[in-house]
file coords_25.cif (mmCIF, N, CA and C atoms)
data_work
loop_
_atom_site.label_atom_id
_atom_site.label_comp_id
_atom_site.auth_asym_id
_atom_site.auth_seq_id
_atom_site.Cartn_x
_atom_site.Cartn_y
_atom_site.Cartn_z
N MET I 1 0.83 -1.18 0.00
CA MET I 1 0.00 0.00 0.00
C MET I 1 0.88 1.25 0.00
N GLU I 2 0.54 2.19 -0.81
CA GLU I 2 1.34 3.39 -0.99
C GLU I 2 1.56 4.18 0.29
N ASP I 3 0.51 4.39 1.09
CA ASP I 3 0.62 5.27 2.25
C ASP I 3 0.89 4.55 3.56
N CYS I 4 0.99 3.24 3.55
CA CYS I 4 1.27 2.49 4.78
C CYS I 4 2.71 2.77 5.23
N ILE I 5 2.86 3.21 6.47
CA ILE I 5 4.19 3.56 6.98
C ILE I 5 5.14 2.36 6.98
N PHE I 6 4.61 1.16 7.29
CA PHE I 6 5.47 -0.02 7.29
C PHE I 6 5.88 -0.41 5.88
N CYS I 7 4.97 -0.28 4.92
CA CYS I 7 5.32 -0.54 3.52
C CYS I 7 6.39 0.45 3.05
N ARG I 8 6.30 1.68 3.51
CA ARG I 8 7.30 2.70 3.16
C ARG I 8 8.66 2.37 3.78
N ILE I 9 8.65 1.78 4.99
CA ILE I 9 9.91 1.34 5.59
C ILE I 9 10.50 0.19 4.78
N VAL I 10 9.66 -0.75 4.36
CA VAL I 10 10.13 -1.87 3.53
C VAL I 10 10.78 -1.34 2.25
N ARG I 11 10.16 -0.32 1.64
CA ARG I 11 10.68 0.26 0.40
C ARG I 11 11.85 1.21 0.64
N ARG I 12 12.23 1.39 1.90
CA ARG I 12 13.34 2.26 2.32
C ARG I 12 13.06 3.73 2.00
N GLU I 13 11.78 4.10 2.01
CA GLU I 13 11.39 5.51 1.82
C GLU I 13 11.43 6.26 3.15
N ILE I 14 11.35 5.53 4.24
CA ILE I 14 11.42 6.08 5.58
C ILE I 14 12.54 5.34 6.30
N PRO I 15 13.43 6.08 6.96
CA PRO I 15 14.52 5.38 7.66
C PRO I 15 14.00 4.58 8.85
N ALA I 16 14.66 3.48 9.10
CA ALA I 16 14.36 2.64 10.26
C ALA I 16 15.65 1.96 10.68
N GLU I 17 15.74 1.67 11.95
CA GLU I 17 16.89 0.94 12.48
C GLU I 17 16.58 -0.55 12.34
N ILE I 18 16.99 -1.13 11.23
CA ILE I 18 16.70 -2.53 10.91
C ILE I 18 17.67 -3.43 11.67
N VAL I 19 17.12 -4.44 12.34
CA VAL I 19 17.98 -5.37 13.08
C VAL I 19 18.11 -6.72 12.38
N TRP I 20 17.18 -7.03 11.47
CA TRP I 20 17.23 -8.32 10.78
C TRP I 20 16.24 -8.31 9.64
N GLU I 21 16.56 -9.04 8.57
CA GLU I 21 15.59 -9.24 7.49
C GLU I 21 15.95 -10.47 6.70
N ASP I 22 14.93 -11.01 6.04
CA ASP I 22 15.12 -12.06 5.05
C ASP I 22 14.26 -11.69 3.85
N GLU I 23 14.00 -12.65 2.97
CA GLU I 23 13.24 -12.36 1.75
C GLU I 23 11.82 -11.89 2.05
N ALA I 24 11.22 -12.39 3.12
CA ALA I 24 9.80 -12.14 3.39
C ALA I 24 9.52 -11.19 4.55
N LEU I 25 10.48 -11.05 5.47
CA LEU I 25 10.22 -10.32 6.72
C LEU I 25 11.27 -9.27 7.00
N LEU I 26 10.88 -8.31 7.85
CA LEU I 26 11.77 -7.25 8.26
C LEU I 26 11.55 -7.01 9.76
N ALA I 27 12.63 -6.87 10.52
CA ALA I 27 12.54 -6.55 11.95
C ALA I 27 13.30 -5.26 12.18
N PHE I 28 12.66 -4.32 12.89
CA PHE I 28 13.27 -3.03 13.13
C PHE I 28 12.85 -2.49 14.49
N MET I 29 13.61 -1.53 14.99
CA MET I 29 13.35 -0.94 16.29
C MET I 29 12.09 -0.09 16.22
N ASP I 30 11.23 -0.22 17.24
CA ASP I 30 10.03 0.62 17.36
C ASP I 30 10.48 2.02 17.79
N ILE I 31 10.02 3.07 17.09
CA ILE I 31 10.43 4.43 17.44
C ILE I 31 9.72 4.96 18.68
N GLY I 32 8.69 4.25 19.13
CA GLY I 32 7.99 4.59 20.37
C GLY I 32 8.01 3.41 21.31
N PRO I 33 9.20 3.03 21.79
CA PRO I 33 9.32 1.78 22.56
C PRO I 33 8.62 1.83 23.91
N ILE I 34 8.00 0.72 24.26
CA ILE I 34 7.48 0.55 25.62
C ILE I 34 8.67 0.38 26.57
N ILE I 35 9.62 -0.42 26.14
CA ILE I 35 10.88 -0.65 26.85
C ILE I 35 11.98 -0.54 25.80
N ARG I 36 13.11 0.03 26.15
CA ARG I 36 14.22 0.15 25.18
C ARG I 36 14.58 -1.23 24.63
N GLY I 37 14.72 -1.31 23.32
CA GLY I 37 14.99 -2.58 22.65
C GLY I 37 13.75 -3.16 21.99
N HIS I 38 12.58 -2.56 22.22
CA HIS I 38 11.30 -2.96 21.62
C HIS I 38 11.47 -3.03 20.10
N THR I 39 11.20 -4.20 19.56
CA THR I 39 11.42 -4.47 18.14
C THR I 39 10.11 -4.91 17.49
N LEU I 40 9.91 -4.50 16.24
CA LEU I 40 8.74 -4.91 15.47
C LEU I 40 9.18 -5.87 14.37
N VAL I 41 8.37 -6.89 14.13
CA VAL I 41 8.61 -7.83 13.03
C VAL I 41 7.40 -7.73 12.10
N ILE I 42 7.67 -7.49 10.81
CA ILE I 42 6.59 -7.31 9.83
C ILE I 42 6.87 -8.14 8.59
N PRO I 43 5.81 -8.51 7.85
CA PRO I 43 6.05 -9.08 6.53
C PRO I 43 6.33 -7.95 5.56
N LYS I 44 7.12 -8.22 4.55
CA LYS I 44 7.44 -7.19 3.55
C LYS I 44 6.25 -6.91 2.64
N VAL I 45 5.34 -7.87 2.52
CA VAL I 45 4.13 -7.69 1.74
C VAL I 45 3.01 -7.28 2.70
N HIS I 46 2.23 -6.31 2.32
CA HIS I 46 1.17 -5.79 3.18
C HIS I 46 0.07 -6.82 3.39
N HIS I 47 -0.21 -7.11 4.67
CA HIS I 47 -1.33 -7.98 5.08
C HIS I 47 -1.93 -7.39 6.34
N ASP I 48 -3.23 -7.53 6.51
CA ASP I 48 -3.93 -7.13 7.72
C ASP I 48 -5.41 -7.41 7.50
N PRO I 49 -6.11 -7.88 8.49
CA PRO I 49 -5.75 -8.31 9.83
C PRO I 49 -5.20 -9.73 9.83
N ILE I 50 -4.95 -10.27 11.01
CA ILE I 50 -4.35 -11.60 11.12
C ILE I 50 -5.19 -12.67 10.44
N GLU I 51 -6.52 -12.57 10.54
CA GLU I 51 -7.34 -13.63 9.94
C GLU I 51 -7.32 -13.61 8.42
N ASP I 52 -6.84 -12.52 7.81
CA ASP I 52 -6.70 -12.44 6.36
C ASP I 52 -5.26 -12.64 5.91
N THR I 53 -4.37 -12.88 6.85
CA THR I 53 -2.96 -13.07 6.55
C THR I 53 -2.70 -14.56 6.32
N PRO I 54 -1.99 -14.91 5.24
CA PRO I 54 -1.70 -16.33 4.98
C PRO I 54 -1.01 -17.00 6.16
N ASP I 55 -1.39 -18.25 6.41
CA ASP I 55 -0.85 -19.01 7.53
C ASP I 55 0.68 -19.04 7.54
N GLU I 56 1.29 -19.17 6.36
CA GLU I 56 2.75 -19.26 6.31
C GLU I 56 3.40 -17.95 6.74
N ILE I 57 2.74 -16.82 6.50
CA ILE I 57 3.27 -15.53 6.95
C ILE I 57 3.14 -15.41 8.47
N VAL I 58 1.98 -15.79 9.01
CA VAL I 58 1.80 -15.74 10.47
C VAL I 58 2.83 -16.63 11.15
N ALA I 59 3.03 -17.82 10.63
CA ALA I 59 4.02 -18.73 11.22
C ALA I 59 5.42 -18.13 11.14
N ALA I 60 5.77 -17.55 10.00
CA ALA I 60 7.09 -16.94 9.85
C ALA I 60 7.27 -15.75 10.80
N LEU I 61 6.22 -14.96 11.00
CA LEU I 61 6.29 -13.83 11.93
C LEU I 61 6.65 -14.31 13.33
N PHE I 62 5.98 -15.37 13.79
CA PHE I 62 6.23 -15.83 15.14
C PHE I 62 7.55 -16.59 15.26
N ARG I 63 7.99 -17.28 14.21
CA ARG I 63 9.33 -17.89 14.25
C ARG I 63 10.39 -16.79 14.37
N SER I 64 10.19 -15.71 13.63
CA SER I 64 11.14 -14.60 13.68
C SER I 64 11.08 -13.87 15.02
N ALA I 65 9.88 -13.72 15.58
CA ALA I 65 9.75 -13.10 16.90
C ALA I 65 10.52 -13.92 17.94
N LYS I 66 10.45 -15.24 17.82
CA LYS I 66 11.20 -16.12 18.72
C LYS I 66 12.70 -15.87 18.60
N ARG I 67 13.16 -15.69 17.37
CA ARG I 67 14.58 -15.45 17.12
C ARG I 67 15.01 -14.09 17.69
N ILE I 68 14.18 -13.07 17.49
CA ILE I 68 14.49 -11.74 18.03
C ILE I 68 14.49 -11.79 19.56
N ALA I 69 13.52 -12.51 20.14
CA ALA I 69 13.46 -12.64 21.60
C ALA I 69 14.75 -13.25 22.15
N ALA I 70 15.24 -14.28 21.51
CA ALA I 70 16.49 -14.91 21.95
C ALA I 70 17.65 -13.93 21.86
N ALA I 71 17.67 -13.14 20.80
CA ALA I 71 18.73 -12.14 20.63
C ALA I 71 18.63 -11.06 21.69
N GLN I 72 17.41 -10.66 22.06
CA GLN I 72 17.24 -9.66 23.12
C GLN I 72 17.71 -10.20 24.46
N ARG I 73 17.39 -11.44 24.76
CA ARG I 73 17.86 -12.04 26.02
C ARG I 73 19.39 -12.06 26.06
N GLU I 74 19.99 -12.52 24.95
CA GLU I 74 21.44 -12.66 24.90
C GLU I 74 22.16 -11.31 24.90
N SER I 75 21.73 -10.40 24.05
CA SER I 75 22.48 -9.15 23.87
C SER I 75 22.11 -8.06 24.86
N LEU I 76 20.85 -8.03 25.31
CA LEU I 76 20.40 -6.97 26.20
C LEU I 76 20.25 -7.42 27.65
N GLY I 77 20.39 -8.72 27.88
CA GLY I 77 20.22 -9.25 29.22
C GLY I 77 18.78 -9.21 29.69
N ALA I 78 17.84 -9.26 28.76
CA ALA I 78 16.41 -9.24 29.12
C ALA I 78 16.09 -10.44 30.00
N GLU I 79 15.31 -10.19 31.04
CA GLU I 79 14.90 -11.25 31.96
C GLU I 79 13.64 -11.96 31.46
N GLY I 80 12.88 -11.28 30.64
CA GLY I 80 11.65 -11.82 30.07
C GLY I 80 11.37 -11.12 28.76
N ILE I 81 10.37 -11.60 28.05
CA ILE I 81 10.00 -11.03 26.74
C ILE I 81 8.49 -11.04 26.63
N ASN I 82 7.91 -9.94 26.16
CA ASN I 82 6.50 -9.93 25.75
C ASN I 82 6.47 -10.00 24.24
N ILE I 83 5.67 -10.92 23.71
CA ILE I 83 5.44 -11.01 22.27
C ILE I 83 3.96 -10.76 22.08
N ILE I 84 3.64 -9.67 21.36
CA ILE I 84 2.27 -9.19 21.26
C ILE I 84 1.91 -8.94 19.81
N GLN I 85 0.69 -9.33 19.43
CA GLN I 85 0.18 -9.03 18.09
C GLN I 85 -1.23 -8.50 18.27
N ASN I 86 -1.44 -7.21 18.02
CA ASN I 86 -2.74 -6.57 18.19
C ASN I 86 -3.51 -6.56 16.87
N ASN I 87 -4.83 -6.70 16.96
CA ASN I 87 -5.69 -6.66 15.76
C ASN I 87 -6.86 -5.74 16.01
N GLY I 88 -6.95 -4.69 15.23
CA GLY I 88 -8.05 -3.74 15.34
C GLY I 88 -7.73 -2.59 16.27
N ARG I 89 -8.31 -1.45 15.97
CA ARG I 89 -8.06 -0.23 16.74
C ARG I 89 -8.34 -0.43 18.23
N CYS I 90 -9.45 -1.11 18.58
CA CYS I 90 -9.82 -1.26 19.99
C CYS I 90 -8.82 -2.14 20.75
N SER I 91 -7.99 -2.91 20.04
CA SER I 91 -6.99 -3.75 20.71
C SER I 91 -5.67 -3.00 20.91
N GLY I 92 -5.59 -1.81 20.34
CA GLY I 92 -4.37 -1.03 20.46
C GLY I 92 -3.57 -0.96 19.17
N GLN I 93 -4.06 -1.57 18.10
CA GLN I 93 -3.34 -1.51 16.83
C GLN I 93 -3.41 -0.10 16.27
N ALA I 94 -2.25 0.47 15.92
CA ALA I 94 -2.19 1.82 15.37
C ALA I 94 -1.77 1.83 13.91
N VAL I 95 -0.97 0.84 13.50
CA VAL I 95 -0.55 0.72 12.10
C VAL I 95 -1.21 -0.54 11.56
N PHE I 96 -1.99 -0.40 10.51
CA PHE I 96 -2.80 -1.51 10.00
C PHE I 96 -2.07 -2.27 8.91
N HIS I 97 -0.95 -2.84 9.31
CA HIS I 97 -0.09 -3.75 8.55
C HIS I 97 0.32 -4.75 9.63
N ILE I 98 -0.02 -6.02 9.45
CA ILE I 98 0.23 -6.99 10.52
C ILE I 98 1.67 -6.89 11.00
N HIS I 99 1.83 -6.90 12.32
CA HIS I 99 3.16 -6.84 12.91
C HIS I 99 3.13 -7.46 14.30
N VAL I 100 4.31 -7.88 14.73
CA VAL I 100 4.48 -8.50 16.05
C VAL I 100 5.46 -7.64 16.84
N HIS I 101 5.07 -7.30 18.06
CA HIS I 101 5.94 -6.57 18.98
C HIS I 101 6.75 -7.59 19.77
N VAL I 102 8.05 -7.38 19.84
CA VAL I 102 8.93 -8.21 20.67
C VAL I 102 9.58 -7.24 21.66
N ILE I 103 9.17 -7.36 22.92
CA ILE I 103 9.52 -6.35 23.92
C ILE I 103 10.34 -6.99 25.04
N PRO I 104 11.60 -6.57 25.19
CA PRO I 104 12.41 -7.11 26.28
C PRO I 104 11.88 -6.58 27.61
N ARG I 105 11.93 -7.42 28.63
CA ARG I 105 11.40 -7.03 29.94
C ARG I 105 12.43 -7.28 31.03
N TYR I 106 12.34 -6.43 32.05
CA TYR I 106 13.26 -6.48 33.19
C TYR I 106 12.43 -6.30 34.46
N SER I 107 12.83 -6.94 35.53
CA SER I 107 12.05 -6.87 36.76
C SER I 107 11.89 -5.44 37.28
N ASP I 108 12.80 -4.56 36.92
CA ASP I 108 12.74 -3.17 37.40
C ASP I 108 12.40 -2.17 36.30
N ASP I 109 11.76 -2.63 35.20
CA ASP I 109 11.51 -1.71 34.07
C ASP I 109 10.34 -0.75 34.30
N GLY I 110 9.54 -0.99 35.33
CA GLY I 110 8.47 -0.07 35.67
C GLY I 110 7.22 -0.15 34.81
N HIS I 111 7.21 -1.02 33.81
CA HIS I 111 6.03 -1.13 32.95
C HIS I 111 5.05 -2.15 33.51
N HIS I 112 3.77 -1.81 33.46
CA HIS I 112 2.72 -2.72 33.91
C HIS I 112 1.61 -2.72 32.88
N TRP I 113 1.05 -3.88 32.61
CA TRP I 113 0.00 -4.00 31.59
C TRP I 113 -1.38 -3.65 32.14
N ASN I 114 -1.52 -3.48 33.44
CA ASN I 114 -2.83 -3.15 34.02
C ASN I 114 -3.87 -4.19 33.66
N TRP I 115 -3.50 -5.44 33.73
CA TRP I 115 -4.40 -6.55 33.43
C TRP I 115 -5.46 -6.61 34.50
N ASP I 116 -6.69 -6.47 34.10
CA ASP I 116 -7.81 -6.49 35.05
C ASP I 116 -8.64 -7.74 34.75
N ALA I 117 -8.19 -8.88 35.27
CA ALA I 117 -8.86 -10.15 34.99
C ALA I 117 -10.30 -10.12 35.51
N LYS I 118 -11.19 -10.63 34.71
CA LYS I 118 -12.61 -10.72 35.07
C LYS I 118 -12.94 -12.18 35.36
N SER I 119 -14.20 -12.44 35.67
CA SER I 119 -14.64 -13.82 35.83
C SER I 119 -16.03 -13.94 35.22
N TYR I 120 -16.41 -15.15 34.93
CA TYR I 120 -17.76 -15.43 34.44
C TYR I 120 -18.66 -15.55 35.66
N GLY I 121 -19.77 -14.82 35.66
CA GLY I 121 -20.70 -14.89 36.78
C GLY I 121 -21.34 -16.26 36.91
N ASP I 122 -21.47 -16.92 35.78
CA ASP I 122 -22.13 -18.22 35.75
C ASP I 122 -21.36 -19.10 34.77
N PRO I 123 -20.97 -20.31 35.16
CA PRO I 123 -20.23 -21.19 34.25
C PRO I 123 -20.95 -21.43 32.92
N SER I 124 -22.27 -21.33 32.91
CA SER I 124 -22.99 -21.56 31.64
C SER I 124 -22.69 -20.45 30.63
N GLU I 125 -22.36 -19.25 31.10
CA GLU I 125 -22.00 -18.17 30.18
C GLU I 125 -20.72 -18.52 29.44
N MET I 126 -19.72 -19.04 30.16
CA MET I 126 -18.47 -19.46 29.54
C MET I 126 -18.73 -20.59 28.55
N ALA I 127 -19.56 -21.54 28.93
CA ALA I 127 -19.90 -22.67 28.05
C ALA I 127 -20.61 -22.19 26.78
N ASP I 128 -21.51 -21.22 26.91
CA ASP I 128 -22.21 -20.68 25.74
C ASP I 128 -21.25 -19.99 24.77
N LEU I 129 -20.32 -19.22 25.31
CA LEU I 129 -19.33 -18.56 24.46
C LEU I 129 -18.43 -19.58 23.79
N ALA I 130 -18.03 -20.59 24.52
CA ALA I 130 -17.20 -21.66 23.95
C ALA I 130 -17.95 -22.37 22.83
N ASP I 131 -19.25 -22.61 23.00
CA ASP I 131 -20.05 -23.23 21.95
C ASP I 131 -20.06 -22.37 20.68
N LYS I 132 -20.18 -21.07 20.84
CA LYS I 132 -20.18 -20.16 19.68
C LYS I 132 -18.86 -20.23 18.94
N ILE I 133 -17.76 -20.22 19.69
CA ILE I 133 -16.44 -20.29 19.07
C ILE I 133 -16.23 -21.62 18.39
N ARG I 134 -16.62 -22.72 19.07
CA ARG I 134 -16.52 -24.06 18.46
C ARG I 134 -17.31 -24.12 17.17
N GLY I 135 -18.52 -23.52 17.17
CA GLY I 135 -19.36 -23.52 15.98
C GLY I 135 -18.71 -22.80 14.82
N ALA I 136 -18.04 -21.69 15.11
CA ALA I 136 -17.36 -20.94 14.05
C ALA I 136 -16.14 -21.69 13.54
N LEU I 137 -15.54 -22.53 14.37
CA LEU I 137 -14.37 -23.32 13.96
C LEU I 137 -14.74 -24.54 13.14
N ALA I 138 -15.99 -25.00 13.28
CA ALA I 138 -16.41 -26.23 12.59
C ALA I 138 -16.47 -26.06 11.09
#

call {"tool": "encode", "arguments": {"input": "coords_25.cif", "output": "C-alpha cells"}}
result
Amino acid sequence: MEDCIFCRIVRREIPAEIVWEDEALLAFMDIGPIIRGHTLVIPKVHHDPIEDTPDEIVAALFRSAKRIAAAQRESLGAEGINIIQNNGRCSGQAVFHIHVHVIPRYSDDGHHWNWDAKSYGDPSEMADLADKIRGALA
C-alpha cells in the first residue's frame, strides 16, 4: 500500500533501524518503545488483519519473533520477553499492517500492563461462548 508507513519502511522511503531481514520479513526498532529494545517484526508484503494473513506468513512472523526474543535475552540481558500481536483499533493496533511486537522485559523496568482479569458470573456463560467459538471453527 502506498501510504502504509510499514510498507514505506520496507521500500526504504522512511529510515528505520533494521535489526534483521530475510526475503519475506523485516525486523526493526520501534520508534515509540514501551521498553528500550522494543522491536517490530513485519512481513514485507502488506497484510492485515491476522485472519486475512496467509498461515505461512503468520508462522514466519512468530518464528522470527522467537529469534528476536532470543537475541534480546542474549544481547540486552532481558529477563523476560513480551510477544504481542494486536488486531483492530480497539486492541491497540495503530498501524494496520500486521506486525508483532517483541519487547524485552526487566524486573525493574516499571512497565505494567494493568491486566484487570474478570470472571464469568455463571459457568454456563463461559460454556455458551465456547459453543459459539466451536461452531465458528467447525

call {"tool": "closest_residue", "arguments": {"input": "coords_25.cif", "among": "I:Leu76, I:Cys4, I:Leu40, I:Ala60", "to": "Ala24 in chain I", "atoms": "only C-alpha atoms"}}
result
I:Ala60

call {"tool": "atom_distance", "arguments": {"input": "coords_25.cif", "atom1": "CA of Ile35 in chain I", "atom2": "atom C of Arg105 in chain I"}}
result
8.0 Å

call {"tool": "closest_residue", "arguments": {"input": "coords_25.cif", "among": "I:Ala127, I:Ala78, I:Ala94, I:Ile9", "to": "Arg36 in chain I", "atoms": "only C-alpha atoms"}}
result
I:Ala78

call {"tool": "closest_residue", "arguments": {"input": "coords_25.cif", "among": "I:Gly92, I:Pro15, I:Pro104, I:Pro54", "to": "His38 in chain I", "atoms": "all atoms listed in the file"}}
result
I:Pro104

call {"tool": "resolve_selection", "arguments": {"input": "coords_25.cif", "expression": "the PyMOL selection byres (((chain I and resi 99 and name CA) around 8) and name CA)", "output": "PyMOL selection string"}}
result
chain I and resi 40-43+61+85-86+97-98+100-101

call {"tool": "atom_distance", "arguments": {"input": "coords_25.cif", "atom1": "atom N of Gln72 in chain I", "atom2": "CA of Ser107 in chain I"}}
result
16.1 Å

call {"tool": "resolve_selection", "arguments": {"input": "coords_25.cif", "expression": "the PyMOL selection byres (((chain I and resi 37 and name CA) around 12) and name CA)", "output": "number ranges by chain"}}
result
I: 17-19, 27-36, 38-40, 68-69, 71-73, 75-78, 81-82, 101-106, 109

call {"tool": "closest_residue", "arguments": {"input": "coords_25.cif", "among": "I:Glu125, I:Glu21, I:Ile50, I:Ala136", "to": "Gly88 in chain I", "atoms": "all atoms listed in the file"}}
result
I:Ile50
